[in-house]
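A short write-up of the structure that comes next.
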Amino acid sequence: DILNEEITRLKFSQHAKNRVEARNLEISSEDLTKLDEAVDKASEKGAKDSLIFLRDMAFIVNVKNRTVVTALDSEQIKDNVFTNIDSVLIAK
C-alpha cells in the first residue's frame, strides 16, 4: 500500500511492485525518502539507469523517468549479474 501513496516522486513499475510483493520487501516511508534522494543524486551526476542499495535491498531505477524497474532482496543480490546500468549508489 505504501508504494501507492504519493510520498515521493518515484514511481514503481508493475514489475517492481510485483517483485516487492513476491519478495516480501518491507519498504517504509523513510526508505522511500532515501531512495528518492539517491535518485536525485544520480540525476545530478547524469546517470540514466542506476543500481541503488538500501539496507538489505537493491533497486534498479530509470533515473530520467524516476521509475523503479525492479527490486531485489539480499538473496537475489548475491546471485545476480547487473547489466545495463551506468551507476551504483548506496542510499543512507
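How things are named: the first chain in the C-alpha cells is A, the next is B, and so on; residues count from 1 in each chain; ligands count from 1 in the order shown.
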Per residue of range 23-42 of chain A within 10 Å of range 69-75 of chain A, what are the shortest atom pair and its distance in Å to one decimal, counting only C-alpha atoms, with rows by chain and residue number, as CSV?
```
residue,atom,partner,partner_atom,distance
A:Arg23,CA,A:Asp73,CA,6.8
A:Asn24,CA,A:Asp73,CA,8.6
A:Leu25,CA,A:Asp73,CA,7.0
A:Glu26,CA,A:Asp73,CA,10.0
```
Nearby residues (only C-alpha atoms) at most 12 Å from Lys45 in chain A, same-chain spacing under 2 positions excluded, as a VMD selection string: chain A and resid 38 to 43 47 to 50 63 to 64 86 to 89
Every residue of chain A that DSSP places in alpha helix (DSSP H), as a PyMOL selection string: chain A and resi 14-22+29-44+74-78
Distance criterion (only C-alpha atoms): nearest to Leu54 in chain A out of A:Lys34, A:Lys78, A:Lys17, A:Lys11: A:Lys34
Members of chain A assigned strand (DSSP E) by DSSP, as a ChimeraX atom specification: /A:11-12,49-54,57-62,67-72,87-91
Would you export the selected residues with N, CA, C and O atoms as an mmCIF file, in the first residue's frame, please?
```cif
data_model
loop_
_atom_site.group_PDB
_atom_site.id
_atom_site.type_symbol
_atom_site.label_atom_id
_atom_site.label_comp_id
_atom_site.auth_asym_id
_atom_site.auth_seq_id
_atom_site.Cartn_x
_atom_site.Cartn_y
_atom_site.Cartn_z
ATOM 1 N N LYS A 11 8.120 6.461 -9.063
ATOM 2 C CA LYS A 11 7.059 5.548 -9.477
ATOM 3 C C LYS A 11 7.645 4.142 -9.438
ATOM 4 O O LYS A 11 8.846 3.957 -9.604
ATOM 5 N N PHE A 12 6.801 3.173 -9.223
ATOM 6 C CA PHE A 12 7.202 1.779 -9.277
ATOM 7 C C PHE A 12 6.491 1.145 -10.463
ATOM 8 O O PHE A 12 5.268 1.229 -10.571
ATOM 9 N N ASP A 49 20.508 4.851 -15.715
ATOM 10 C CA ASP A 49 19.951 3.673 -15.055
ATOM 11 C C ASP A 49 20.871 3.306 -13.904
ATOM 12 O O ASP A 49 22.045 2.998 -14.119
ATOM 13 N N SER A 50 20.329 3.321 -12.694
ATOM 14 C CA SER A 50 21.148 3.138 -11.500
ATOM 15 C C SER A 50 20.729 1.921 -10.697
ATOM 16 O O SER A 50 19.545 1.584 -10.629
ATOM 17 N N LEU A 51 21.727 1.309 -10.076
ATOM 18 C CA LEU A 51 21.514 0.275 -9.083
ATOM 19 C C LEU A 51 21.670 0.967 -7.736
ATOM 20 O O LEU A 51 22.721 1.545 -7.460
ATOM 21 N N ILE A 52 20.623 0.940 -6.934
ATOM 22 C CA ILE A 52 20.662 1.621 -5.644
ATOM 23 C C ILE A 52 20.496 0.591 -4.533
ATOM 24 O O ILE A 52 19.508 -0.156 -4.497
ATOM 25 N N PHE A 53 21.492 0.541 -3.647
ATOM 26 C CA PHE A 53 21.431 -0.334 -2.483
ATOM 27 C C PHE A 53 20.836 0.432 -1.317
ATOM 28 O O PHE A 53 21.243 1.565 -1.038
ATOM 29 N N LEU A 54 19.895 -0.192 -0.643
ATOM 30 C CA LEU A 54 19.257 0.411 0.527
ATOM 31 C C LEU A 54 19.017 -0.700 1.535
ATOM 32 O O LEU A 54 18.255 -1.639 1.249
ATOM 33 N N MET A 57 18.329 -4.397 0.564
ATOM 34 C CA MET A 57 17.591 -4.437 -0.692
ATOM 35 C C MET A 57 18.388 -3.707 -1.771
ATOM 36 O O MET A 57 19.277 -2.924 -1.469
ATOM 37 N N ALA A 58 18.008 -3.979 -3.014
ATOM 38 C CA ALA A 58 18.590 -3.257 -4.143
ATOM 39 C C ALA A 58 17.472 -2.936 -5.123
ATOM 40 O O ALA A 58 16.507 -3.705 -5.254
ATOM 41 N N PHE A 59 17.609 -1.814 -5.790
ATOM 42 C CA PHE A 59 16.603 -1.354 -6.736
ATOM 43 C C PHE A 59 17.302 -0.909 -8.012
ATOM 44 O O PHE A 59 18.319 -0.225 -7.961
ATOM 45 N N ILE A 60 16.756 -1.310 -9.150
ATOM 46 C CA ILE A 60 17.207 -0.779 -10.433
ATOM 47 C C ILE A 60 16.221 0.339 -10.772
ATOM 48 O O ILE A 60 15.004 0.118 -10.779
ATOM 49 N N VAL A 61 16.752 1.535 -11.022
ATOM 50 C CA VAL A 61 15.907 2.705 -11.238
ATOM 51 C C VAL A 61 16.272 3.376 -12.555
ATOM 52 O O VAL A 61 17.456 3.628 -12.822
ATOM 53 N N ASN A 62 15.256 3.660 -13.366
ATOM 54 C CA ASN A 62 15.437 4.505 -14.534
ATOM 55 C C ASN A 62 15.387 5.935 -14.007
ATOM 56 O O ASN A 62 14.330 6.406 -13.568
ATOM 57 N N THR A 67 11.616 5.990 -12.232
ATOM 58 C CA THR A 67 10.822 4.773 -12.111
ATOM 59 C C THR A 67 11.684 3.616 -11.627
ATOM 60 O O THR A 67 12.716 3.303 -12.231
ATOM 61 N N VAL A 68 11.230 2.978 -10.549
ATOM 62 C CA VAL A 68 11.878 1.767 -10.060
ATOM 63 C C VAL A 68 11.463 0.650 -11.002
ATOM 64 O O VAL A 68 10.274 0.378 -11.185
ATOM 65 N N VAL A 69 12.447 0.007 -11.619
ATOM 66 C CA VAL A 69 12.189 -1.022 -12.611
ATOM 67 C C VAL A 69 12.058 -2.396 -11.963
ATOM 68 O O VAL A 69 11.213 -3.197 -12.350
ATOM 69 N N THR A 70 12.904 -2.669 -10.973
ATOM 70 C CA THR A 70 12.808 -3.928 -10.235
ATOM 71 C C THR A 70 13.396 -3.754 -8.845
ATOM 72 O O THR A 70 14.108 -2.781 -8.578
ATOM 73 N N ALA A 71 13.064 -4.697 -7.982
ATOM 74 C CA ALA A 71 13.522 -4.671 -6.595
ATOM 75 C C ALA A 71 14.007 -6.062 -6.221
ATOM 76 O O ALA A 71 13.421 -7.067 -6.635
ATOM 77 N N LEU A 72 15.103 -6.106 -5.462
ATOM 78 C CA LEU A 72 15.695 -7.372 -5.072
ATOM 79 C C LEU A 72 15.948 -7.404 -3.578
ATOM 80 O O LEU A 72 16.243 -6.368 -2.980
ATOM 81 N N SER A 87 25.452 3.409 -13.126
ATOM 82 C CA SER A 87 25.874 3.937 -11.836
ATOM 83 C C SER A 87 25.370 3.046 -10.708
ATOM 84 O O SER A 87 24.400 2.317 -10.878
ATOM 85 N N VAL A 88 26.055 3.148 -9.591
ATOM 86 C CA VAL A 88 25.680 2.425 -8.374
ATOM 87 C C VAL A 88 25.712 3.416 -7.228
ATOM 88 O O VAL A 88 26.660 4.189 -7.097
ATOM 89 N N LEU A 89 24.658 3.396 -6.412
ATOM 90 C CA LEU A 89 24.594 4.278 -5.254
ATOM 91 C C LEU A 89 24.244 3.458 -4.021
ATOM 92 O O LEU A 89 23.546 2.450 -4.111
ATOM 93 N N ILE A 90 24.724 3.910 -2.878
ATOM 94 C CA ILE A 90 24.342 3.322 -1.607
ATOM 95 C C ILE A 90 23.555 4.390 -0.865
ATOM 96 O O ILE A 90 24.104 5.450 -0.531
ATOM 97 N N ALA A 91 22.265 4.138 -0.661
ATOM 98 C CA ALA A 91 21.391 5.111 -0.002
ATOM 99 C C ALA A 91 21.569 4.979 1.508
ATOM 100 O O ALA A 91 21.552 3.879 2.051
#
```
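Reported to one decimal place, the separation of CA of Lys92 in chain A from CA of Glu30 in chain A is 10.4 Å.
Separating CA of Gly46 in chain A from CA of Thr83 in chain A is a distance of 17.7 Å.
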Atomic separation - CA of Arg19 in chain A relative to CA of Gln76 in chain A, Å: 10.9 Å
Residue nearest Asp56 in chain A among A:Gln14, A:Thr33, A:Asn84, A:Ile77 (counting only C-alpha atoms):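 Of A:Gln14, A:Thr33, A:Asn84, A:Ile77, the one nearest Asp56 in chain A, counting only C-alpha atoms, is A:Ile77.
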